[in-house]
Amino acid sequence: MTVKNTIQEKLTAAFAPAFLEVIDESDQHRGHGGWQEGGQTHFRVKITAAAFAGQSRVAIHRLINQTLAAELKGGVHALAIEAKAT
Amino acid sequence: MSIQDQIKSEITSQDIVLFMKGTPQFPMCGFSGQVVQILDYVGVPYKGINVLDNQDIREGIKDYANWPTIPQLYIKGEFVGGCDIVREMFQSGELHTYLSEQGIEVKTPAKP
């Protein structure tokens with residue numbers, strides 16, 4: 001399973017998002033810090049979920065980061081987040 | 001002084017403190033560079049702390065804010081966000097409002 005799939009599954013399980021797109025942007029960061037051969041290091045997450053309603057941006061990002069803590073500690077070097085409440 | 005105390009004293013040493021990779025003159029990461037560009041555009045003074053110079057601060061700052069990534073922006077000792085949040089706040093005009101509320105003068109007015 002790719003890292004992208006893992007991220008998708010974990011976010012889906014945690015937040016039941018109305019919209020979710022996980023984009024592997026590793027190729028755009030080729031040769032930059034944290035990048036490694038094979039990619040799967042830099043991701044962008046676009047997510048809309050009712051679970052985020054009433055929460056601050058920092059709180060929402062923390063929820064997402066905690067859900068993906070294992071990935072962030074592992075090979076994922078960067079995670080851009082565009083989150084919205086439904 | 002513990003690393004957490006050191007971080008706290010850095011954060012409170014100036015109104016705006018940015019923990020980043022590289023320096024404001026030479027950012028070493030695109031995400032840090034974006035926050036530098038925003039702060040420079042807004043025209044506020046800030047202190048950039050290069051986490052690449054100090055491994056203890058690089059790891060310690062993640063625990064301090066319960067935030068796993070760099071950059072991290074602090075205003076008046078409060079954690080405001082990372083690159084995505086700062087950019088969203090800038091684009092919506094919230095960053096200007098927030099700075100004004102904190103009594104920090106901005107040079108460039110918010111975009112209409």
# chains A, B, ... in the order shown; residues from 1 in each chain; ligands from 1

$ closest_atom_pairs --of "chain B" --to "chain A" --cutoff "8 Å" --atoms "only C-alpha atoms" --output "Markdown table"
| residue | atom | partner | partner_atom | distance |
| --- | --- | --- | --- | --- |
| B:Cys29 | CA | A:Gly33 | CA | 7.1 |
| B:Asn66 | CA | A:Arg62 | CA | 7.6 |
| B:Trp67 | CA | A:Arg62 | CA | 6.8 |
| B:Pro68 | CA | A:Asn65 | CA | 7.1 |
| B:Thr69 | CA | A:Ala78 | CA | 7.4 |
| B:Val80 | CA | A:Val58 | CA | 7.4 |
| B:Gly81 | CA | A:Val58 | CA | 6.2 |
| B:Asp84 | CA | A:Ile81 | CA | 6.4 |
| B:Ile85 | CA | A:Arg57 | CA | 6.8 |

$ residues_around --residues "B:Ile38" --least-positions-apart "5" --cutoff "9 Å" --atoms "only C-alpha atoms" --output "CSV table (one decimal) with N, CA, C and O atoms, in the first residue's frame"
chain,number,residue,atom,x,y,z
B,33,GLY,N,10.3,29.6,3.6
B,33,GLY,CA,10.4,30.8,2.7
B,33,GLY,C,9.1,31.5,2.4
B,33,GLY,O,9.0,32.7,2.4
B,43,GLY,N,5.4,43.6,6.4
B,43,GLY,CA,6.3,44.7,6.9
B,43,GLY,C,6.4,44.8,8.4
B,43,GLY,O,6.5,45.9,9.0
B,86,VAL,N,-0.7,30.4,8.3
B,86,VAL,CA,-0.3,31.7,8.1
B,86,VAL,C,-0.7,32.3,6.7
B,86,VAL,O,-1.2,33.4,6.6
B,87,ARG,N,-0.6,31.4,5.7
B,87,ARG,CA,-0.9,31.8,4.4
B,87,ARG,C,-2.5,32.1,4.3
B,87,ARG,O,-2.9,33.1,3.7
B,90,PHE,N,-3.2,35.3,6.0
B,90,PHE,CA,-2.8,36.4,5.3
B,90,PHE,C,-3.7,36.7,4.1
B,90,PHE,O,-4.2,37.8,3.9

$ closest_residue --among "A:Ala70, A:Leu63, A:Ala18, A:Leu11" --to "A:Val45" --atoms "only C-alpha atoms"
A:Leu11

$ select_by_dssp --residues "chain A" --states "alpha helix (DSSP H)" --output "list of chain:residue names"
A:Val3, A:Lys4, A:Asn5, A:Thr6, A:Ile7, A:Gln8, A:Glu9, A:Lys10, A:Leu11, A:Thr12, A:Ala13, A:Ala14, A:Phe15, A:Arg57, A:Val58, A:Ala59, A:Ile60, A:His61, A:Arg62, A:Leu63, A:Ile64, A:Asn65, A:Gln66, A:Thr67, A:Ala69, A:Ala70, A:Glu71, A:Leu72, A:Lys73

$ select_by_dssp --residues "chain A" --states "strand (DSSP E or B)" --output "VMD selection string"
chain A and resid 19 to 24 42 to 49 78 to 85

$ residues_around --residues "B:Pro45" --least-positions-apart "2" --cutoff "10 Å" --atoms "only C-alpha atoms" --output "PyMOL selection string"
chain B and resi 14-17+39-40+42-43+47-48+104-106

$ write_last_selection --atoms "N, CA and C atoms" --output "mmCIF file, in the first residue's frame"
data_model
loop_
_atom_site.group_PDB
_atom_site.id
_atom_site.type_symbol
_atom_site.label_atom_id
_atom_site.label_comp_id
_atom_site.auth_asym_id
_atom_site.auth_seq_id
_atom_site.Cartn_x
_atom_site.Cartn_y
_atom_site.Cartn_z
ATOM 1 N N GLN B 14 10.843 38.465 21.611
ATOM 2 C CA GLN B 14 10.414 39.475 20.648
ATOM 3 C C GLN B 14 8.944 39.250 20.311
ATOM 4 N N ASP B 15 8.273 40.283 19.793
ATOM 5 C CA ASP B 15 6.835 40.159 19.503
ATOM 6 C C ASP B 15 6.550 39.036 18.512
ATOM 7 N N ILE B 16 7.368 38.967 17.457
ATOM 8 C CA ILE B 16 7.128 37.954 16.425
ATOM 9 C C ILE B 16 8.384 37.109 16.257
ATOM 10 N N VAL B 17 8.225 35.823 16.442
ATOM 11 C CA VAL B 17 9.358 34.909 16.324
ATOM 12 C C VAL B 17 8.975 33.783 15.374
ATOM 13 N N LEU B 39 5.702 37.711 5.957
ATOM 14 C CA LEU B 39 6.079 38.653 7.016
ATOM 15 C C LEU B 39 6.785 39.871 6.429
ATOM 16 N N ASP B 40 7.629 39.633 5.435
ATOM 17 C CA ASP B 40 8.322 40.752 4.789
ATOM 18 C C ASP B 40 7.333 41.648 4.046
ATOM 19 N N VAL B 42 4.108 42.019 4.739
ATOM 20 C CA VAL B 42 3.308 42.730 5.744
ATOM 21 C C VAL B 42 4.143 43.851 6.370
ATOM 22 N N GLY B 43 5.443 43.621 6.428
ATOM 23 C CA GLY B 43 6.342 44.672 6.900
ATOM 24 C C GLY B 43 6.435 44.773 8.407
ATOM 25 N N LYS B 47 11.952 37.918 14.460
ATOM 26 C CA LYS B 47 13.209 37.215 14.665
ATOM 27 C C LYS B 47 13.088 35.827 14.057
ATOM 28 N N GLY B 48 14.001 35.471 13.176
ATOM 29 C CA GLY B 48 14.016 34.133 12.598
ATOM 30 C C GLY B 48 15.002 33.260 13.355
ATOM 31 N N ILE B 104 0.586 45.404 17.135
ATOM 32 C CA ILE B 104 1.777 45.404 16.285
ATOM 33 C C ILE B 104 1.461 46.170 15.001
ATOM 34 N N GLU B 105 2.290 47.150 14.722
ATOM 35 C CA GLU B 105 2.041 48.001 13.560
ATOM 36 C C GLU B 105 2.463 47.293 12.274
ATOM 37 N N VAL B 106 1.589 47.326 11.265
ATOM 38 C CA VAL B 106 1.949 46.727 9.980
ATOM 39 C C VAL B 106 2.160 47.834 8.958
#

$ residues_around --residues "A:Gln8" --least-positions-apart "2" --cutoff "9 Å" --atoms "only C-alpha atoms" --output "mmCIF file with all heavy atoms, in the first residue's frame"
data_model
loop_
_atom_site.group_PDB
_atom_site.id
_atom_site.type_symbol
_atom_site.label_atom_id
_atom_site.label_comp_id
_atom_site.auth_asym_id
_atom_site.auth_seq_id
_atom_site.Cartn_x
_atom_site.Cartn_y
_atom_site.Cartn_z
ATOM 1 N N VAL A 3 1.951 5.213 0.628
ATOM 2 C CA VAL A 3 1.758 6.138 1.742
ATOM 3 C C VAL A 3 0.496 6.963 1.502
ATOM 4 O O VAL A 3 -0.274 7.247 2.427
ATOM 5 C CB VAL A 3 2.998 7.048 1.898
ATOM 6 C CG1 VAL A 3 2.773 8.066 3.007
ATOM 7 C CG2 VAL A 3 4.244 6.218 2.174
ATOM 8 N N LYS A 4 0.278 7.336 0.254
ATOM 9 C CA LYS A 4 -0.915 8.101 -0.097
ATOM 10 C C LYS A 4 -2.184 7.355 0.317
ATOM 11 O O LYS A 4 -3.104 7.931 0.902
ATOM 12 C CB LYS A 4 -0.915 8.359 -1.605
ATOM 13 C CG LYS A 4 -2.132 9.084 -2.112
ATOM 14 C CD LYS A 4 -2.043 9.306 -3.621
ATOM 15 C CE LYS A 4 -3.414 9.649 -4.167
ATOM 16 N NZ LYS A 4 -3.365 10.057 -5.562
ATOM 17 N N ASN A 5 -2.224 6.051 0.028
ATOM 18 C CA ASN A 5 -3.387 5.247 0.408
ATOM 19 C C ASN A 5 -3.555 5.169 1.922
ATOM 20 O O ASN A 5 -4.666 5.232 2.433
ATOM 21 C CB ASN A 5 -3.260 3.825 -0.162
ATOM 22 C CG ASN A 5 -3.492 3.807 -1.656
ATOM 23 O OD1 ASN A 5 -4.061 4.752 -2.211
ATOM 24 N ND2 ASN A 5 -3.024 2.769 -2.322
ATOM 25 N N THR A 6 -2.431 5.031 2.617
ATOM 26 C CA THR A 6 -2.491 4.985 4.081
ATOM 27 C C THR A 6 -3.075 6.281 4.627
ATOM 28 O O THR A 6 -3.929 6.269 5.521
ATOM 29 C CB THR A 6 -1.075 4.779 4.665
ATOM 30 O OG1 THR A 6 -0.480 3.662 4.025
ATOM 31 C CG2 THR A 6 -1.129 4.552 6.165
ATOM 32 N N LYS A 10 -6.545 6.532 6.756
ATOM 33 C CA LYS A 10 -6.561 7.022 8.139
ATOM 34 C C LYS A 10 -7.457 8.245 8.288
ATOM 35 O O LYS A 10 -8.193 8.368 9.263
ATOM 36 C CB LYS A 10 -5.137 7.345 8.602
ATOM 37 C CG LYS A 10 -4.321 6.106 8.894
ATOM 38 C CD LYS A 10 -3.057 6.426 9.663
ATOM 39 C CE LYS A 10 -2.358 5.129 10.082
ATOM 40 N NZ LYS A 10 -1.112 5.369 10.800
ATOM 41 N N LEU A 11 -7.387 9.150 7.335
ATOM 42 C CA LEU A 11 -8.207 10.361 7.420
ATOM 43 C C LEU A 11 -9.685 10.024 7.240
ATOM 44 O O LEU A 11 -10.549 10.602 7.898
ATOM 45 C CB LEU A 11 -7.756 11.393 6.386
ATOM 46 C CG LEU A 11 -6.367 12.009 6.622
ATOM 47 C CD1 LEU A 11 -5.993 12.951 5.482
ATOM 48 C CD2 LEU A 11 -6.313 12.764 7.951
ATOM 49 N N THR A 12 -9.967 9.086 6.353
ATOM 50 C CA THR A 12 -11.356 8.679 6.144
ATOM 51 C C THR A 12 -11.918 8.051 7.414
ATOM 52 O O THR A 12 -13.033 8.363 7.853
ATOM 53 C CB THR A 12 -11.442 7.665 4.982
ATOM 54 O OG1 THR A 12 -10.912 8.289 3.815
ATOM 55 C CG2 THR A 12 -12.875 7.250 4.718
ATOM 56 N N ALA A 13 -11.129 7.182 8.043
ATOM 57 C CA ALA A 13 -11.581 6.516 9.265
ATOM 58 C C ALA A 13 -11.782 7.523 10.400
ATOM 59 O O ALA A 13 -12.712 7.430 11.188
ATOM 60 C CB ALA A 13 -10.571 5.449 9.676
ATOM 61 N N LEU A 20 -12.279 14.555 0.236
ATOM 62 C CA LEU A 20 -10.884 14.283 0.603
ATOM 63 C C LEU A 20 -10.055 14.051 -0.649
ATOM 64 O O LEU A 20 -10.431 13.268 -1.526
ATOM 65 C CB LEU A 20 -10.796 13.038 1.497
ATOM 66 C CG LEU A 20 -9.367 12.567 1.828
ATOM 67 C CD1 LEU A 20 -8.631 13.608 2.667
ATOM 68 C CD2 LEU A 20 -9.389 11.239 2.560
ATOM 69 N N GLU A 21 -8.978 14.784 -0.743
ATOM 70 C CA GLU A 21 -8.038 14.559 -1.836
ATOM 71 C C GLU A 21 -6.638 14.553 -1.248
ATOM 72 O O GLU A 21 -6.263 15.480 -0.519
ATOM 73 C CB GLU A 21 -8.182 15.677 -2.878
ATOM 74 C CG GLU A 21 -7.404 15.397 -4.141
ATOM 75 C CD GLU A 21 -7.551 16.493 -5.201
ATOM 76 O OE1 GLU A 21 -8.236 17.501 -4.928
ATOM 77 O OE2 GLU A 21 -6.969 16.329 -6.275
ATOM 78 N N VAL A 22 -5.894 13.509 -1.509
ATOM 79 C CA VAL A 22 -4.509 13.427 -1.050
ATOM 80 C C VAL A 22 -3.619 13.432 -2.283
ATOM 81 O O VAL A 22 -3.781 12.599 -3.177
ATOM 82 C CB VAL A 22 -4.253 12.154 -0.215
ATOM 83 C CG1 VAL A 22 -2.801 12.089 0.241
ATOM 84 C CG2 VAL A 22 -5.192 12.106 0.992
ATOM 85 N N VAL A 45 -2.970 17.613 1.518
ATOM 86 C CA VAL A 45 -4.266 17.047 1.867
ATOM 87 C C VAL A 45 -5.328 18.133 1.759
ATOM 88 O O VAL A 45 -5.189 19.205 2.343
ATOM 89 C CB VAL A 45 -4.238 16.497 3.315
ATOM 90 C CG1 VAL A 45 -5.648 16.223 3.817
ATOM 91 C CG2 VAL A 45 -3.400 15.240 3.399
#

$ residues_around --residues "stretch 98-103 of chain B" --least-positions-apart "3" --cutoff "9 Å" --atoms "only C-alpha atoms" --output "mmCIF file with all heavy atoms, in the first residue's frame"
data_model
loop_
_atom_site.group_PDB
_atom_site.id
_atom_site.type_symbol
_atom_site.label_atom_id
_atom_site.label_comp_id
_atom_site.auth_asym_id
_atom_site.auth_seq_id
_atom_site.Cartn_x
_atom_site.Cartn_y
_atom_site.Cartn_z
ATOM 1 N N ILE B 75 3.382 34.797 17.825
ATOM 2 C CA ILE B 75 3.146 36.232 17.980
ATOM 3 C C ILE B 75 2.799 36.493 19.431
ATOM 4 O O ILE B 75 1.869 35.886 19.980
ATOM 5 C CB ILE B 75 2.010 36.706 17.038
ATOM 6 C CG1 ILE B 75 2.422 36.475 15.579
ATOM 7 C CG2 ILE B 75 1.706 38.190 17.276
ATOM 8 C CD1 ILE B 75 1.370 36.831 14.544
ATOM 9 N N LYS B 76 3.560 37.372 20.042
ATOM 10 C CA LYS B 76 3.396 37.685 21.474
ATOM 11 C C LYS B 76 3.366 36.415 22.312
ATOM 12 O O LYS B 76 2.525 36.255 23.207
ATOM 13 C CB LYS B 76 2.118 38.502 21.695
ATOM 14 C CG LYS B 76 2.137 39.872 21.024
ATOM 15 C CD LYS B 76 2.464 40.968 22.002
ATOM 16 C CE LYS B 76 2.476 42.315 21.306
ATOM 17 N NZ LYS B 76 2.842 43.420 22.181
ATOM 18 N N MET B 89 -4.425 32.886 6.723
ATOM 19 C CA MET B 89 -4.736 34.093 7.508
ATOM 20 C C MET B 89 -4.341 35.351 6.753
ATOM 21 O O MET B 89 -5.024 36.366 6.793
ATOM 22 C CB MET B 89 -4.007 34.052 8.859
ATOM 23 C CG MET B 89 -4.591 33.058 9.844
ATOM 24 S SD MET B 89 -3.628 32.991 11.375
ATOM 25 C CE MET B 89 -4.092 34.553 12.140
ATOM 26 N N GLY B 93 -6.978 38.234 5.255
ATOM 27 C CA GLY B 93 -6.881 39.497 5.986
ATOM 28 C C GLY B 93 -6.841 39.326 7.495
ATOM 29 O O GLY B 93 -6.652 40.282 8.247
ATOM 30 N N GLU B 94 -7.022 38.076 7.952
ATOM 31 C CA GLU B 94 -7.023 37.823 9.400
ATOM 32 C C GLU B 94 -5.682 38.118 10.055
ATOM 33 O O GLU B 94 -5.632 38.503 11.224
ATOM 34 C CB GLU B 94 -7.332 36.353 9.671
ATOM 35 C CG GLU B 94 -8.790 36.011 9.713
ATOM 36 C CD GLU B 94 -8.944 34.496 9.738
ATOM 37 O OE1 GLU B 94 -8.766 33.916 10.813
ATOM 38 O OE2 GLU B 94 -9.203 33.914 8.672
ATOM 39 N N LEU B 95 -4.614 37.910 9.296
ATOM 40 C CA LEU B 95 -3.286 38.137 9.873
ATOM 41 C C LEU B 95 -3.116 39.605 10.245
ATOM 42 O O LEU B 95 -2.615 39.932 11.324
ATOM 43 C CB LEU B 95 -2.194 37.701 8.882
ATOM 44 C CG LEU B 95 -0.763 37.779 9.400
ATOM 45 C CD1 LEU B 95 -0.544 36.832 10.576
ATOM 46 C CD2 LEU B 95 0.238 37.451 8.291
ATOM 47 N N VAL B 106 1.589 47.326 11.265
ATOM 48 C CA VAL B 106 1.949 46.727 9.980
ATOM 49 C C VAL B 106 2.160 47.834 8.958
ATOM 50 O O VAL B 106 1.472 48.853 8.977
ATOM 51 C CB VAL B 106 0.871 45.737 9.479
ATOM 52 C CG1 VAL B 106 0.743 44.571 10.426
ATOM 53 C CG2 VAL B 106 -0.462 46.427 9.306
#

$ decode --residues "stretch 42-55 of chain A" --atoms "all heavy atoms" --output "PDB file, in the first residue's frame"
ATOM      1  N   HIS A  42       6.409  14.159   0.306  1.00  0.00           N
ATOM      2  CA  HIS A  42       5.717  15.451   0.394  1.00  0.00           C
ATOM      3  C   HIS A  42       4.270  15.280  -0.076  1.00  0.00           C
ATOM      4  O   HIS A  42       4.040  14.886  -1.215  1.00  0.00           O
ATOM      5  CB  HIS A  42       6.409  16.502  -0.485  1.00  0.00           C
ATOM      6  CG  HIS A  42       7.778  16.889  -0.006  1.00  0.00           C
ATOM      7  ND1 HIS A  42       8.837  16.026  -0.021  1.00  0.00           N
ATOM      8  CD2 HIS A  42       8.251  18.065   0.503  1.00  0.00           C
ATOM      9  CE1 HIS A  42       9.916  16.647   0.461  1.00  0.00           C
ATOM     10  NE2 HIS A  42       9.584  17.888   0.783  1.00  0.00           N
ATOM     11  N   PHE A  43       3.342  15.621   0.809  1.00  0.00           N
ATOM     12  CA  PHE A  43       1.924  15.435   0.478  1.00  0.00           C
ATOM     13  C   PHE A  43       1.120  16.699   0.723  1.00  0.00           C
ATOM     14  O   PHE A  43       1.479  17.524   1.558  1.00  0.00           O
ATOM     15  CB  PHE A  43       1.324  14.295   1.319  1.00  0.00           C
ATOM     16  CG  PHE A  43       1.851  12.944   0.933  1.00  0.00           C
ATOM     17  CD1 PHE A  43       3.007  12.446   1.530  1.00  0.00           C
ATOM     18  CD2 PHE A  43       1.219  12.194  -0.039  1.00  0.00           C
ATOM     19  CE1 PHE A  43       3.515  11.211   1.171  1.00  0.00           C
ATOM     20  CE2 PHE A  43       1.717  10.951  -0.403  1.00  0.00           C
ATOM     21  CZ  PHE A  43       2.866  10.465   0.197  1.00  0.00           C
ATOM     22  N   ARG A  44       0.033  16.805  -0.022  1.00  0.00           N
ATOM     23  CA  ARG A  44      -0.960  17.856   0.221  1.00  0.00           C
ATOM     24  C   ARG A  44      -2.300  17.189   0.470  1.00  0.00           C
ATOM     25  O   ARG A  44      -2.688  16.292  -0.278  1.00  0.00           O
ATOM     26  CB  ARG A  44      -1.051  18.809  -0.979  1.00  0.00           C
ATOM     27  CG  ARG A  44      -2.143  19.879  -0.856  1.00  0.00           C
ATOM     28  CD  ARG A  44      -2.059  20.887  -1.992  1.00  0.00           C
ATOM     29  NE  ARG A  44      -0.758  21.554  -1.995  1.00  0.00           N
ATOM     30  CZ  ARG A  44      -0.471  22.637  -1.258  1.00  0.00           C
ATOM     31  NH1 ARG A  44      -1.382  23.192  -0.499  1.00  0.00           N
ATOM     32  NH2 ARG A  44       0.720  23.166  -1.306  1.00  0.00           N
ATOM     33  N   VAL A  45      -2.970  17.613   1.518  1.00  0.00           N
ATOM     34  CA  VAL A  45      -4.266  17.047   1.867  1.00  0.00           C
ATOM     35  C   VAL A  45      -5.328  18.133   1.759  1.00  0.00           C
ATOM     36  O   VAL A  45      -5.189  19.205   2.343  1.00  0.00           O
ATOM     37  CB  VAL A  45      -4.238  16.497   3.315  1.00  0.00           C
ATOM     38  CG1 VAL A  45      -5.648  16.223   3.817  1.00  0.00           C
ATOM     39  CG2 VAL A  45      -3.400  15.240   3.399  1.00  0.00           C
ATOM     40  N   LYS A  46      -6.360  17.858   0.964  1.00  0.00           N
ATOM     41  CA  LYS A  46      -7.508  18.761   0.911  1.00  0.00           C
ATOM     42  C   LYS A  46      -8.673  18.010   1.530  1.00  0.00           C
ATOM     43  O   LYS A  46      -9.056  16.953   1.009  1.00  0.00           O
ATOM     44  CB  LYS A  46      -7.835  19.146  -0.541  1.00  0.00           C
ATOM     45  CG  LYS A  46      -6.703  19.906  -1.221  1.00  0.00           C
ATOM     46  CD  LYS A  46      -7.090  20.300  -2.631  1.00  0.00           C
ATOM     47  CE  LYS A  46      -5.918  20.996  -3.331  1.00  0.00           C
ATOM     48  NZ  LYS A  46      -6.282  21.474  -4.663  1.00  0.00           N
ATOM     49  N   ILE A  47      -9.205  18.542   2.591  1.00  0.00           N
ATOM     50  CA  ILE A  47     -10.211  17.779   3.331  1.00  0.00           C
ATOM     51  C   ILE A  47     -11.324  18.694   3.841  1.00  0.00           C
ATOM     52  O   ILE A  47     -11.065  19.804   4.318  1.00  0.00           O
ATOM     53  CB  ILE A  47      -9.538  16.999   4.496  1.00  0.00           C
ATOM     54  CG1 ILE A  47     -10.563  16.128   5.237  1.00  0.00           C
ATOM     55  CG2 ILE A  47      -8.797  17.917   5.457  1.00  0.00           C
ATOM     56  CD1 ILE A  47      -9.927  15.117   6.199  1.00  0.00           C
ATOM     57  N   THR A  48     -12.544  18.217   3.678  1.00  0.00           N
ATOM     58  CA  THR A  48     -13.706  18.916   4.213  1.00  0.00           C
ATOM     59  C   THR A  48     -14.477  17.931   5.074  1.00  0.00           C
ATOM     60  O   THR A  48     -14.799  16.835   4.608  1.00  0.00           O
ATOM     61  CB  THR A  48     -14.617  19.418   3.074  1.00  0.00           C
ATOM     62  OG1 THR A  48     -13.832  20.218   2.184  1.00  0.00           O
ATOM     63  CG2 THR A  48     -15.753  20.272   3.616  1.00  0.00           C
ATOM     64  N   ALA A  49     -14.736  18.293   6.318  1.00  0.00           N
ATOM     65  CA  ALA A  49     -15.428  17.358   7.205  1.00  0.00           C
ATOM     66  C   ALA A  49     -16.261  18.101   8.238  1.00  0.00           C
ATOM     67  O   ALA A  49     -15.867  19.157   8.727  1.00  0.00           O
ATOM     68  CB  ALA A  49     -14.418  16.457   7.913  1.00  0.00           C
ATOM     69  N   ALA A  50     -17.397  17.504   8.565  1.00  0.00           N
ATOM     70  CA  ALA A  50     -18.258  18.096   9.590  1.00  0.00           C
ATOM     71  C   ALA A  50     -17.551  18.076  10.948  1.00  0.00           C
ATOM     72  O   ALA A  50     -17.802  18.920  11.809  1.00  0.00           O
ATOM     73  CB  ALA A  50     -19.568  17.322   9.664  1.00  0.00           C
ATOM     74  N   ALA A  51     -16.652  17.119  11.123  1.00  0.00           N
ATOM     75  CA  ALA A  51     -15.949  16.972  12.397  1.00  0.00           C
ATOM     76  C   ALA A  51     -15.136  18.216  12.768  1.00  0.00           C
ATOM     77  O   ALA A  51     -14.777  18.408  13.936  1.00  0.00           O
ATOM     78  CB  ALA A  51     -15.019  15.760  12.324  1.00  0.00           C
ATOM     79  N   PHE A  52     -14.863  19.073  11.791  1.00  0.00           N
ATOM     80  CA  PHE A  52     -14.018  20.244  12.054  1.00  0.00           C
ATOM     81  C   PHE A  52     -14.827  21.476  12.472  1.00  0.00           C
ATOM     82  O   PHE A  52     -14.246  22.517  12.800  1.00  0.00           O
ATOM     83  CB  PHE A  52     -13.197  20.608  10.814  1.00  0.00           C
ATOM     84  CG  PHE A  52     -12.285  19.500  10.341  1.00  0.00           C
ATOM     85  CD1 PHE A  52     -12.005  19.344   8.986  1.00  0.00           C
ATOM     86  CD2 PHE A  52     -11.691  18.636  11.246  1.00  0.00           C
ATOM     87  CE1 PHE A  52     -11.163  18.325   8.544  1.00  0.00           C
ATOM     88  CE2 PHE A  52     -10.851  17.616  10.816  1.00  0.00           C
ATOM     89  CZ  PHE A  52     -10.592  17.466   9.465  1.00  0.00           C
ATOM     90  N   ALA A  53     -16.144  21.368  12.428  1.00  0.00           N
ATOM     91  CA  ALA A  53     -16.985  22.540  12.697  1.00  0.00           C
ATOM     92  C   ALA A  53     -16.673  23.136  14.067  1.00  0.00           C
ATOM     93  O   ALA A  53     -16.519  22.418  15.061  1.00  0.00           O
ATOM     94  CB  ALA A  53     -18.454  22.143  12.615  1.00  0.00           C
ATOM     95  N   GLY A  54     -16.574  24.443  14.092  1.00  0.00           N
ATOM     96  CA  GLY A  54     -16.394  25.147  15.353  1.00  0.00           C
ATOM     97  C   GLY A  54     -14.996  25.101  15.923  1.00  0.00           C
ATOM     98  O   GLY A  54     -14.749  25.618  17.009  1.00  0.00           O
ATOM     99  N   GLN A  55     -14.063  24.480  15.206  1.00  0.00           N
ATOM    100  CA  GLN A  55     -12.697  24.366  15.732  1.00  0.00           C
ATOM    101  C   GLN A  55     -11.769  25.364  15.037  1.00  0.00           C
ATOM    102  O   GLN A  55     -11.949  25.692  13.876  1.00  0.00           O
ATOM    103  CB  GLN A  55     -12.173  22.958  15.472  1.00  0.00           C
ATOM    104  CG  GLN A  55     -13.109  21.897  16.002  1.00  0.00           C
ATOM    105  CD  GLN A  55     -12.361  20.784  16.699  1.00  0.00           C
ATOM    106  OE1 GLN A  55     -11.484  21.043  17.524  1.00  0.00           O
ATOM    107  NE2 GLN A  55     -12.670  19.570  16.352  1.00  0.00           N
TER     108      GLN A  55
END
